[in-house]
Number of protein chains: 2
Amino acid sequence: MPAVAQLAILAPGLLGGSVARAARARGAAHRIVIWARRPETRDALRGQPWVDAVVATPAEAVREASLVVIAAPVDRIVPLAREIAPALPPGAVVTDVGSVKGPLCAPATEAIGPKAHFVGSHPMAGSEQTGWENGSAELFNGRPCFVTPLPGAAPAAVAMVAGFWTALGAGVVTAAPAEHDRIVAHISHLPQVAASALCSFLAGTDPRWRDHAGGGLRDTTRIAASDPGLWREILASNRAEVLASLHAYRAELDLFMKALESGDDAAVAARMERGRAYRAGFRPPPPANR
Amino acid sequence: MPAVAQLAILAPGLLGGSVARAARARGAAHRIVIWARRPETRDALRGQPWVDAVVATPAEAVREASLVVIAAPVDRIVPLAREIAPALPPGAVVTDVGSVKGPLCAPATEAIGPKAHFVGSHPMAGSEQTGWENGSAELFNGRPCFVTPLPGAAPAAVAMVAGFWTALGAGVVTAAPAEHDRIVAHISHLPQVAASALCSFLAGTDPRWRDHAGGGLRDTTRIAASDPGLWREILASNRAEVLASLHAYRAELDLFMKALESGDDAAVAARMERGRAYRAGFRPPPPANR
């Protein structure tokens with residue numbers, strides 16, 4: 001894909017800051033313009049080598065943009081789409097990095113079109129870290145990135161968004177918004193809740209125990225350090241799918257407990273083996289980038 | 001602690017192989033003798049620079065030992081203790097690396113004493129890997145290691161075992177066997193079951209989803225790759241404590257689901273924050289050693 005002439009990034013956190021760094025490092029955009037809500041963030045961003053201009057309003061940021069990345073938390077994506085719509089040049093392409101797609105893609109598309117195009121994205125590259133300062137030009141390298149066009153989306157806009165993420169090193173997966181939400185409920189939101197609930201439960205046990213934690217507990221709970229405010233919005237936006245995955249997980253846990261309780265250790269081992277085989281089928285991990 | 005004159009390691013897997021490597025690298029033992037059950041394992045061990053002798057029977061391995069480490073799976077520790085007892089020199093100290101202590105320490109102590117001494121150990125340094133080939137001289141460095149003497153244990157024997165693990169780089173935690181089992185049910189066995197059940201459940205979903213896994217699912221489920229045969233015995237040996245921790249975890253999960261189901265997103269965020277604060281209180285991780 002040819003480099004984007006002008007890339008606008010709105011409300012950069014870990015992901016938005018990494019988009020800017022990666023686009024600069026890989027020559028994926030000629031000019032990078034950023035808007036951040038807080039004046040002190042804008043001041044700090046002005047000193048970064050991967051930013052060409054920092055502006056005071058979202059409208060100003062997108063006025064000459066060919067590609068806009070809305071990097072805000074899920075509850076602020078649609079309001080920002082509505083805010084920038086009047087300022088977008090005709091034919092501009094807008095995407096986002098939100099962890100939920102169903103509730104966002106239709107209203108964002110309605111707000112942006114038909115003058116410009118909205119095509120949702122979700123790079124699977126978050127971590128328990130937050131803030132643009134913690135971003136990395138390699139964050140997307142080898143990571144999956146969902147691109148979730150609505151049925152009527154312009155093929156050229158979809159291709160531009162997919163090509164941009166590919167240029168940043170991600171492996172693009174195209175899915176309908178509702179399909180995306182069902183998938184991430186299982187492979188992202190459920191593990192988050194399982195890890196958070198594990199830590200929330202252990203918080204009520206003897207506080208000295210935690211000092212004896214081995215690598216297993218550390219890894220299993222790493223994402224429990226994530227920002228509860230961000231996750232509150234993600235879970236609320238994907239409530240039905242997350243609840244369905246949680247109910248199914250709890251049913252599996254119940255069967256595991258019943259087997260252990262009744263002394264059916266062969267059934268315990270069989271469930272563990274099923275899990276082991278599943279885990280062994282994971283793709284090799286992407287190059288270390290944290 | 002002065003170096004152990006002769007260290008015997010029985011049935012080395014990941015942990016036993018690492019004990020030998022670490023003892024050699026840190027000068028914690030003058031002579032290292034190993035017994036392994038399978039002849040082909042004994043042949044392979046003979047070529048290793050951290051082994052002084054490989055012998056064909058457990059009794060032969062311990063005949064001149066000052067410290068014996070039984071590195072077998074939990075269901076084979078007491079039988080091995082009984083087998084070596086007649087061959088032990090008076091005053092020898094025997095320990096193990098089993099993940100469960102309550103059901104082992106009393107019968108092992110009875111088998112070994114009073115001529116020699118048994119003091120249980122549990123280094124929290126396992127991983128999803130197995131086999132002595134995957135061992136490392138740094139495996140115990142910065143890791144907790146439980147030492148679980150019975151009330152009547154000889155202080156010199158307890159000091160020898162604790163001093164040996166300290167020499168290998170571990171941080172020694174002394175606990176009664178039953179207390180140990182309650183602690184590890186929560187901080188080791190529960191995370192294992194949670195990770196295995198997560199993978200066992202996901203194994204029934206669309207197999208393509210797994211290719212989209214981000215770092216969160218990878219970390220949360222790493223230990224699900226562990227050996228089901230080993231874990232079957234560990235969970236069976238600590239059944240009551242593991243079930244208690246699982247019931248309590250499920251109750252926390254239920255409260256989380258109820259909050260999400262009823263739209264009480266503030267309660268969802270509060271539970272996540274409780275988990276976040278707990279996770280943030282973990283000690284800094286030990287130096288990378290995998």
# chains A, B, ... in the order shown; residues from 1 in each chain; ligands from 1
>>> select_by_dssp(residues="segment 205-250 of chain A", states="alpha helix (DSSP H)", output="list in words")
Gly215, Gly216, Leu217, Arg218, Asp219, Thr220, Thr221, Pro228, Gly229, Leu230, Trp231, Arg232, Glu233, Ile234, Leu235, Ala236, Ser237, Arg239, Ala240, Glu241, Val242, Leu243, Ala244, Ser245, Leu246, His247, Ala248, Tyr249 and Arg250 of chain A
>>> write_last_selection(atoms="C-alpha atoms", output="PDB file, in the first residue's frame")
ATOM      1  CA  GLY A 215       5.417 -17.923  37.604  1.00  0.00           C
ATOM      2  CA  GLY A 216       2.046 -19.607  37.089  1.00  0.00           C
ATOM      3  CA  LEU A 217       0.057 -17.153  39.199  1.00  0.00           C
ATOM      4  CA  ARG A 218       2.067 -14.241  37.807  1.00  0.00           C
ATOM      5  CA  ASP A 219       1.292 -15.079  34.188  1.00  0.00           C
ATOM      6  CA  THR A 220      -2.297 -16.113  34.817  1.00  0.00           C
ATOM      7  CA  THR A 221      -3.070 -12.777  36.452  1.00  0.00           C
ATOM      8  CA  PRO A 228     -10.742  -1.079  35.441  1.00  0.00           C
ATOM      9  CA  GLY A 229     -12.195   2.108  33.953  1.00  0.00           C
ATOM     10  CA  LEU A 230     -11.412   1.049  30.390  1.00  0.00           C
ATOM     11  CA  TRP A 231     -12.658  -2.471  31.028  1.00  0.00           C
ATOM     12  CA  ARG A 232     -15.895  -1.308  32.630  1.00  0.00           C
ATOM     13  CA  GLU A 233     -16.813   0.292  29.296  1.00  0.00           C
ATOM     14  CA  ILE A 234     -15.613  -2.641  27.200  1.00  0.00           C
ATOM     15  CA  LEU A 235     -17.614  -5.180  29.228  1.00  0.00           C
ATOM     16  CA  ALA A 236     -20.691  -2.954  29.292  1.00  0.00           C
ATOM     17  CA  SER A 237     -20.489  -2.540  25.502  1.00  0.00           C
ATOM     18  CA  ARG A 239     -22.463  -7.380  27.874  1.00  0.00           C
ATOM     19  CA  ALA A 240     -24.517 -10.159  26.250  1.00  0.00           C
ATOM     20  CA  GLU A 241     -21.582 -11.892  24.560  1.00  0.00           C
ATOM     21  CA  VAL A 242     -19.364 -11.627  27.631  1.00  0.00           C
ATOM     22  CA  LEU A 243     -22.106 -13.063  29.842  1.00  0.00           C
ATOM     23  CA  ALA A 244     -22.655 -15.941  27.431  1.00  0.00           C
ATOM     24  CA  SER A 245     -18.948 -16.804  27.478  1.00  0.00           C
ATOM     25  CA  LEU A 246     -18.813 -16.471  31.282  1.00  0.00           C
ATOM     26  CA  HIS A 247     -21.787 -18.789  31.759  1.00  0.00           C
ATOM     27  CA  ALA A 248     -20.181 -21.376  29.484  1.00  0.00           C
ATOM     28  CA  TYR A 249     -16.832 -21.067  31.277  1.00  0.00           C
ATOM     29  CA  ARG A 250     -18.511 -21.483  34.643  1.00  0.00           C
TER      30      ARG A 250
END
>>> interface_residues(of="chain B", to="chain A", cutoff="6 Å", atoms="only C-alpha atoms", output="mmCIF file with N, CA and C atoms, in the first residue's frame")
data_model
loop_
_atom_site.group_PDB
_atom_site.id
_atom_site.type_symbol
_atom_site.label_atom_id
_atom_site.label_comp_id
_atom_site.auth_asym_id
_atom_site.auth_seq_id
_atom_site.Cartn_x
_atom_site.Cartn_y
_atom_site.Cartn_z
ATOM 1 N N MET B 124 8.859 -23.279 44.324
ATOM 2 C CA MET B 124 7.795 -22.768 43.434
ATOM 3 C C MET B 124 8.428 -22.338 42.115
ATOM 4 N N PRO B 144 10.403 -18.479 45.376
ATOM 5 C CA PRO B 144 10.127 -18.977 46.728
ATOM 6 C C PRO B 144 10.339 -20.497 46.782
ATOM 7 N N PRO B 191 -5.001 -21.346 40.167
ATOM 8 C CA PRO B 191 -4.680 -20.773 38.846
ATOM 9 C C PRO B 191 -4.502 -21.847 37.771
ATOM 10 N N SER B 196 -6.607 -24.256 32.929
ATOM 11 C CA SER B 196 -6.958 -25.487 32.207
ATOM 12 C C SER B 196 -8.426 -25.496 31.817
ATOM 13 N N ALA B 197 -9.292 -25.047 32.741
ATOM 14 C CA ALA B 197 -10.727 -25.029 32.440
ATOM 15 C C ALA B 197 -11.027 -24.018 31.340
ATOM 16 N N CYS B 199 -9.061 -23.210 28.849
ATOM 17 C CA CYS B 199 -8.669 -23.836 27.584
ATOM 18 C C CYS B 199 -9.573 -25.005 27.233
ATOM 19 N N SER B 200 -9.981 -25.768 28.232
ATOM 20 C CA SER B 200 -10.859 -26.903 27.971
ATOM 21 C C SER B 200 -12.199 -26.404 27.414
ATOM 22 N N PHE B 201 -12.694 -25.292 27.964
ATOM 23 C CA PHE B 201 -13.921 -24.685 27.423
ATOM 24 C C PHE B 201 -13.694 -24.161 25.999
ATOM 25 N N ALA B 203 -11.656 -25.050 23.851
ATOM 26 C CA ALA B 203 -11.433 -26.143 22.898
ATOM 27 C C ALA B 203 -12.721 -26.525 22.174
ATOM 28 N N HIS B 212 -6.443 -15.851 16.650
ATOM 29 C CA HIS B 212 -6.539 -14.408 16.866
ATOM 30 C C HIS B 212 -6.161 -14.015 18.291
ATOM 31 N N GLY B 214 -4.555 -12.686 21.517
ATOM 32 C CA GLY B 214 -3.569 -11.669 21.868
ATOM 33 C C GLY B 214 -2.729 -12.137 23.055
ATOM 34 N N LEU B 217 -4.693 -13.676 26.382
ATOM 35 C CA LEU B 217 -5.069 -15.096 26.413
ATOM 36 C C LEU B 217 -3.825 -15.981 26.491
ATOM 37 N N ASP B 219 -0.896 -15.365 27.955
ATOM 38 C CA ASP B 219 -0.343 -15.394 29.308
ATOM 39 C C ASP B 219 -1.266 -16.126 30.265
ATOM 40 N N THR B 220 -2.562 -15.821 30.150
ATOM 41 C CA THR B 220 -3.542 -16.373 31.083
ATOM 42 C C THR B 220 -3.597 -17.896 31.006
ATOM 43 N N ALA B 224 -1.742 -23.892 31.164
ATOM 44 C CA ALA B 224 -2.639 -24.962 30.698
ATOM 45 C C ALA B 224 -1.884 -25.969 29.845
ATOM 46 N N ALA B 225 -0.701 -25.615 29.394
ATOM 47 C CA ALA B 225 0.132 -26.552 28.615
ATOM 48 C C ALA B 225 0.852 -27.562 29.507
ATOM 49 N N PRO B 228 -0.884 -33.052 32.180
ATOM 50 C CA PRO B 228 -2.087 -33.474 32.908
ATOM 51 C C PRO B 228 -1.829 -34.643 33.859
ATOM 52 N N ARG B 232 -2.903 -34.364 37.642
ATOM 53 C CA ARG B 232 -3.905 -35.288 38.178
ATOM 54 C C ARG B 232 -3.510 -35.727 39.593
ATOM 55 N N GLU B 252 -16.885 -15.843 43.660
ATOM 56 C CA GLU B 252 -16.458 -14.514 43.198
ATOM 57 C C GLU B 252 -16.893 -14.293 41.745
ATOM 58 N N LEU B 253 -16.710 -15.320 40.930
ATOM 59 C CA LEU B 253 -17.120 -15.239 39.525
ATOM 60 C C LEU B 253 -18.633 -15.004 39.440
ATOM 61 N N ALA B 269 -16.645 -2.628 37.991
ATOM 62 C CA ALA B 269 -15.379 -1.884 38.051
ATOM 63 C C ALA B 269 -14.743 -1.993 39.432
ATOM 64 N N MET B 272 -13.022 -5.287 39.637
ATOM 65 C CA MET B 272 -11.795 -5.259 38.838
ATOM 66 C C MET B 272 -10.715 -4.444 39.538
ATOM 67 N N GLU B 273 -11.102 -3.370 40.196
ATOM 68 C CA GLU B 273 -10.143 -2.524 40.905
ATOM 69 C C GLU B 273 -9.534 -3.269 42.098
ATOM 70 N N ARG B 274 -10.368 -4.045 42.790
ATOM 71 C CA ARG B 274 -9.876 -4.866 43.896
ATOM 72 C C ARG B 274 -8.828 -5.858 43.373
ATOM 73 N N GLY B 275 -9.103 -6.453 42.224
ATOM 74 C CA GLY B 275 -8.149 -7.374 41.609
ATOM 75 C C GLY B 275 -6.890 -6.646 41.144
ATOM 76 N N ARG B 276 -7.069 -5.465 40.563
ATOM 77 C CA ARG B 276 -5.923 -4.698 40.070
ATOM 78 C C ARG B 276 -4.986 -4.347 41.222
ATOM 79 N N TYR B 278 -4.659 -5.849 44.067
ATOM 80 C CA TYR B 278 -3.984 -7.070 44.544
ATOM 81 C C TYR B 278 -2.798 -7.405 43.642
ATOM 82 N N ARG B 279 -3.044 -7.378 42.331
ATOM 83 C CA ARG B 279 -1.984 -7.749 41.378
ATOM 84 C C ARG B 279 -0.826 -6.761 41.434
#
>>> calpha_fit_and_write(fixed="chain B", moving="chain A", output="compact mmCIF listing (two decimals) with C-alpha atoms, in the first residue's frame")
# COMPACT_ATOMS: atom_id res chain seq x y z
CA MET A 1 26.14 -23.15 54.53
CA PRO A 2 29.13 -25.40 53.74
CA ALA A 3 28.74 -27.38 50.52
CA VAL A 4 26.96 -30.75 50.77
CA ALA A 5 29.55 -33.54 50.66
CA GLN A 6 27.45 -35.86 48.54
CA LEU A 7 24.13 -34.94 46.94
CA ALA A 8 21.85 -37.70 45.63
CA ILE A 9 19.01 -36.82 43.25
CA LEU A 10 16.35 -39.42 42.58
CA ALA A 11 14.13 -39.43 39.49
CA PRO A 12 15.16 -36.09 38.01
CA GLY A 13 12.66 -34.21 35.88
CA LEU A 14 12.67 -30.48 35.25
CA LEU A 15 13.17 -29.74 38.96
CA GLY A 16 15.64 -32.52 39.76
CA GLY A 17 17.74 -31.71 36.71
CA SER A 18 17.75 -28.07 37.72
CA VAL A 19 18.78 -28.93 41.29
CA ALA A 20 21.82 -30.75 39.92
CA ARG A 21 22.76 -27.95 37.54
CA ALA A 22 22.27 -25.25 40.17
CA ALA A 23 24.19 -27.18 42.83
CA ARG A 24 27.11 -27.62 40.45
CA ALA A 25 27.03 -24.03 39.18
CA ARG A 26 26.90 -22.59 42.71
CA GLY A 27 29.27 -25.05 44.36
CA ALA A 28 26.53 -26.25 46.71
CA ALA A 29 27.61 -29.92 46.53
CA HIS A 30 31.00 -31.60 46.16
CA ARG A 31 29.71 -34.74 44.49
CA ILE A 32 26.41 -35.30 42.67
CA VAL A 33 24.99 -38.81 42.22
CA ILE A 34 21.81 -39.41 40.24
CA TRP A 35 19.41 -42.29 39.85
CA ALA A 36 16.80 -42.39 37.11
CA ARG A 37 14.33 -45.20 36.55
CA ARG A 38 14.78 -45.64 32.83
CA PRO A 39 18.08 -47.02 31.47
CA GLU A 40 18.02 -44.64 28.49
CA THR A 41 17.66 -41.64 30.83
CA ARG A 42 20.63 -42.91 32.84
CA ASP A 43 22.67 -43.20 29.64
CA ALA A 44 21.81 -39.64 28.64
CA LEU A 45 22.58 -38.30 32.12
CA ARG A 46 26.04 -39.88 32.14
CA GLY A 47 27.19 -37.36 29.55
CA GLN A 48 26.20 -34.29 31.60
CA PRO A 49 28.93 -32.14 33.19
CA TRP A 50 26.87 -31.60 36.34
CA VAL A 51 26.70 -35.31 37.23
CA ASP A 52 29.53 -37.23 38.89
CA ALA A 53 27.91 -40.65 38.88
CA VAL A 54 24.73 -42.23 37.53
CA VAL A 55 23.64 -45.40 39.30
CA ALA A 56 21.14 -48.14 38.64
CA THR A 57 19.18 -48.23 41.91
CA PRO A 58 17.87 -45.66 44.41
CA ALA A 59 19.63 -47.50 47.24
CA GLU A 60 22.98 -47.25 45.48
CA ALA A 61 22.44 -43.52 44.93
CA VAL A 62 21.88 -42.72 48.60
CA ARG A 63 24.40 -45.07 50.22
CA GLU A 64 26.97 -42.32 50.92
CA ALA A 65 24.71 -39.30 50.55
CA SER A 66 24.57 -36.46 53.04
CA LEU A 67 21.54 -34.92 51.28
CA VAL A 68 18.97 -36.73 49.14
CA VAL A 69 16.48 -34.91 46.91
CA ILE A 70 13.54 -37.06 45.81
CA ALA A 71 12.44 -35.30 42.62
CA ALA A 72 9.72 -37.77 41.60
CA PRO A 73 6.02 -36.94 41.01
CA VAL A 74 3.95 -36.67 44.20
CA ASP A 75 2.53 -40.20 44.05
CA ARG A 76 6.02 -41.75 43.94
CA ILE A 77 7.73 -39.81 46.73
CA VAL A 78 6.65 -41.91 49.71
CA PRO A 79 7.35 -45.26 47.94
CA LEU A 80 10.85 -44.00 47.09
CA ALA A 81 11.41 -42.84 50.66
CA ARG A 82 10.52 -46.35 51.85
CA GLU A 83 12.78 -47.91 49.27
CA ILE A 84 15.89 -45.89 50.18
CA ALA A 85 15.42 -45.92 53.97
CA PRO A 86 17.46 -49.08 54.67
CA ALA A 87 20.38 -47.82 52.55
CA LEU A 88 20.66 -44.32 54.06
CA PRO A 89 23.72 -43.52 56.16
CA PRO A 90 22.85 -42.47 59.74
CA GLY A 91 22.09 -38.77 59.98
CA ALA A 92 21.47 -38.31 56.24
CA VAL A 93 18.88 -35.70 55.33
CA VAL A 94 16.17 -36.42 52.76
CA THR A 95 13.92 -33.87 51.08
CA ASP A 96 11.67 -33.76 48.02
CA VAL A 97 10.23 -31.25 45.55
CA GLY A 98 6.58 -32.33 45.65
CA SER A 99 3.79 -29.79 45.10
CA VAL A 100 1.72 -31.23 47.97
CA LYS A 101 3.09 -31.74 51.48
CA GLY A 102 0.39 -32.83 53.94
CA PRO A 103 -0.13 -36.39 52.69
CA LEU A 104 3.62 -36.95 52.10
CA CYS A 105 5.54 -35.51 55.02
CA ALA A 106 4.21 -37.76 57.79
CA PRO A 107 4.66 -41.12 56.00
CA ALA A 108 8.00 -40.04 54.50
CA THR A 109 9.25 -38.97 57.93
CA GLU A 110 8.09 -42.26 59.39
CA ALA A 111 9.83 -44.21 56.63
CA ILE A 112 13.14 -42.32 56.89
CA GLY A 113 13.45 -41.78 60.66
CA PRO A 114 14.74 -42.01 63.24
CA LYS A 115 18.05 -43.13 61.71
CA ALA A 116 17.95 -40.35 59.12
CA HIS A 117 15.81 -37.20 58.66
CA PHE A 118 13.04 -36.20 56.27
CA VAL A 119 12.17 -32.52 55.77
CA GLY A 120 9.79 -31.72 52.91
CA SER A 121 10.44 -29.01 50.31
CA HIS A 122 8.48 -27.40 47.49
CA PRO A 123 10.35 -24.99 45.24
CA MET A 124 7.79 -22.77 43.42
CA ALA A 125 9.70 -22.99 40.18
CA GLY A 126 7.75 -25.38 38.02
CA SER A 127 6.57 -24.44 34.58
CA GLU A 128 4.62 -25.96 31.76
CA GLN A 129 7.88 -27.61 30.70
CA THR A 130 8.94 -31.04 31.85
CA GLY A 131 12.05 -33.20 31.63
CA TRP A 132 15.56 -32.85 33.03
CA GLU A 133 16.75 -31.69 29.57
CA ASN A 134 14.82 -28.44 30.08
CA GLY A 135 16.35 -27.75 33.48
CA SER A 136 18.37 -24.65 34.26
CA ALA A 137 20.96 -23.72 36.87
CA GLU A 138 19.00 -20.49 37.38
CA LEU A 139 15.55 -22.07 37.79
CA PHE A 140 15.38 -21.41 41.54
CA ASN A 141 17.00 -17.99 41.49
CA GLY A 142 14.68 -15.50 43.17
CA ARG A 143 11.89 -18.08 43.47
CA PRO A 144 10.13 -18.99 46.70
CA CYS A 145 10.83 -22.44 48.14
CA PHE A 146 8.65 -23.89 50.89
CA VAL A 147 10.37 -25.97 53.56
CA THR A 148 7.80 -27.88 55.62
CA PRO A 149 9.21 -29.58 58.72
CA LEU A 150 6.97 -31.61 61.03
CA PRO A 151 6.86 -30.41 64.67
CA GLY A 152 9.48 -32.90 65.87
CA ALA A 153 12.01 -32.32 63.08
CA ALA A 154 15.71 -32.02 63.99
CA PRO A 155 16.68 -28.34 63.74
CA ALA A 156 20.00 -29.21 62.06
CA ALA A 157 18.19 -31.16 59.32
CA VAL A 158 15.76 -28.30 58.74
CA ALA A 159 18.67 -25.86 58.60
CA MET A 160 20.50 -28.05 56.09
CA VAL A 161 17.52 -28.21 53.73
CA ALA A 162 16.80 -24.49 54.06
CA GLY A 163 20.47 -23.67 53.57
CA PHE A 164 20.66 -25.83 50.46
CA TRP A 165 17.77 -24.04 48.75
CA THR A 166 19.17 -20.69 49.79
CA ALA A 167 22.49 -21.67 48.21
CA LEU A 168 20.57 -22.42 45.00
CA GLY A 169 19.19 -18.88 44.99
CA ALA A 170 15.68 -19.54 46.33
CA GLY A 171 13.90 -17.55 49.03
CA VAL A 172 12.97 -20.04 51.76
CA VAL A 173 9.50 -19.94 53.34
CA THR A 174 8.94 -22.23 56.33
CA ALA A 175 5.39 -23.54 56.80
CA ALA A 176 3.64 -26.54 58.33
CA PRO A 177 2.65 -29.11 55.68
CA ALA A 178 -1.10 -28.45 56.03
CA GLU A 179 -0.55 -24.69 55.88
CA HIS A 180 1.57 -25.14 52.75
CA ASP A 181 -1.18 -27.16 51.10
CA ARG A 182 -3.78 -24.50 51.81
CA ILE A 183 -1.53 -21.76 50.44
CA VAL A 184 -0.60 -23.55 47.21
CA ALA A 185 -4.22 -24.61 46.65
CA HIS A 186 -4.90 -20.89 46.28
CA ILE A 187 -1.79 -19.51 44.60
CA SER A 188 -0.79 -22.47 42.42
CA HIS A 189 -3.44 -25.18 42.06
CA LEU A 190 -6.40 -22.81 41.61
CA PRO A 191 -4.67 -20.78 38.83
CA GLN A 192 -3.79 -24.08 37.15
CA VAL A 193 -7.38 -25.30 37.17
CA ALA A 194 -8.69 -21.88 36.08
CA ALA A 195 -6.28 -21.85 33.11
CA SER A 196 -6.96 -25.49 32.19
CA ALA A 197 -10.73 -25.03 32.42
CA LEU A 198 -10.51 -21.89 30.28
CA CYS A 199 -8.68 -23.81 27.57
CA SER A 200 -10.87 -26.88 27.94
CA PHE A 201 -13.93 -24.66 27.41
CA LEU A 202 -12.38 -22.77 24.48
CA ALA A 203 -11.45 -26.11 22.87
CA GLY A 204 -15.17 -26.47 22.13
CA THR A 205 -15.43 -23.13 20.31
CA ASP A 206 -14.57 -22.26 16.69
CA PRO A 207 -11.00 -23.51 16.20
CA ARG A 208 -10.09 -20.47 14.05
CA TRP A 209 -10.64 -18.10 16.98
CA ARG A 210 -7.49 -19.25 18.66
CA ASP A 211 -5.38 -17.81 15.86
CA HIS A 212 -6.56 -14.34 16.86
CA ALA A 213 -5.37 -14.65 20.46
CA GLY A 214 -3.57 -11.64 21.88
CA GLY A 215 -1.04 -11.53 24.68
CA GLY A 216 -3.74 -11.64 27.35
CA LEU A 217 -5.08 -15.07 26.41
CA ARG A 218 -1.55 -16.35 25.83
CA ASP A 219 -0.34 -15.40 29.30
CA THR A 220 -3.54 -16.37 31.08
CA THR A 221 -3.38 -19.88 29.65
CA ARG A 222 0.36 -20.59 29.47
CA ILE A 223 0.24 -23.11 32.32
CA ALA A 224 -2.66 -24.96 30.67
CA ALA A 225 0.13 -26.54 28.58
CA SER A 226 1.34 -28.37 31.72
CA ASP A 227 1.42 -32.17 31.97
CA PRO A 228 -2.09 -33.47 32.88
CA GLY A 229 -0.62 -36.65 34.35
CA LEU A 230 1.46 -34.76 36.90
CA TRP A 231 -1.43 -32.46 37.74
CA ARG A 232 -3.91 -35.31 38.15
CA GLU A 233 -1.78 -36.56 41.05
CA ILE A 234 -1.19 -33.11 42.53
CA LEU A 235 -4.91 -32.25 42.53
CA ALA A 236 -5.87 -35.67 43.89
CA SER A 237 -3.32 -35.28 46.70
CA ASN A 238 -4.69 -31.87 47.67
CA ARG A 239 -8.34 -32.50 46.82
CA ALA A 240 -10.07 -30.85 49.79
CA GLU A 241 -8.02 -27.65 49.72
CA VAL A 242 -8.25 -27.31 45.95
CA LEU A 243 -12.02 -27.79 46.04
CA ALA A 244 -12.36 -25.19 48.78
CA SER A 245 -10.40 -22.65 46.73
CA LEU A 246 -12.38 -23.51 43.58
CA HIS A 247 -15.71 -23.06 45.34
CA ALA A 248 -14.60 -19.68 46.66
CA TYR A 249 -13.32 -18.61 43.23
CA ARG A 250 -16.58 -19.64 41.61
CA ALA A 251 -18.49 -17.61 44.19
CA GLU A 252 -16.44 -14.55 43.21
CA LEU A 253 -17.09 -15.26 39.54
CA ASP A 254 -20.82 -15.52 40.30
CA LEU A 255 -20.84 -12.12 42.01
CA PHE A 256 -18.97 -10.65 39.04
CA MET A 257 -21.50 -12.13 36.61
CA LYS A 258 -24.44 -10.96 38.69
CA ALA A 259 -23.10 -7.40 38.70
CA LEU A 260 -22.55 -7.46 34.94
CA GLU A 261 -25.94 -9.09 34.33
CA SER A 262 -27.84 -6.51 36.38
CA GLY A 263 -26.06 -3.58 34.74
CA ASP A 264 -24.27 -2.64 37.96
CA ASP A 265 -21.14 -1.54 36.14
CA ALA A 266 -19.82 0.32 39.16
CA ALA A 267 -19.73 -3.00 41.04
CA VAL A 268 -17.98 -4.62 38.05
CA ALA A 269 -15.34 -1.89 38.11
CA ALA A 270 -14.99 -2.15 41.89
CA ARG A 271 -14.25 -5.89 41.66
CA MET A 272 -11.75 -5.28 38.87
CA GLU A 273 -10.10 -2.55 40.94
CA ARG A 274 -9.83 -4.90 43.92
CA GLY A 275 -8.11 -7.40 41.64
CA ARG A 276 -5.89 -4.72 40.10
CA ALA A 277 -4.71 -3.52 43.50
CA TYR A 278 -3.95 -7.10 44.55
CA ARG A 279 -1.95 -7.76 41.40
CA ALA A 280 -0.07 -4.48 41.74
CA GLY A 281 1.18 -5.66 45.14
CA PHE A 282 3.11 -8.63 43.70
CA ARG A 283 6.82 -8.61 44.38
CA PRO A 284 8.95 -7.66 41.39
CA PRO A 285 9.45 -10.77 39.25
CA PRO A 286 12.66 -12.77 39.65
CA PRO A 287 15.30 -12.44 36.92
CA ALA A 288 14.21 -14.13 33.69
CA ASN A 289 15.27 -17.74 33.80
CA ARG A 290 13.23 -19.62 31.25
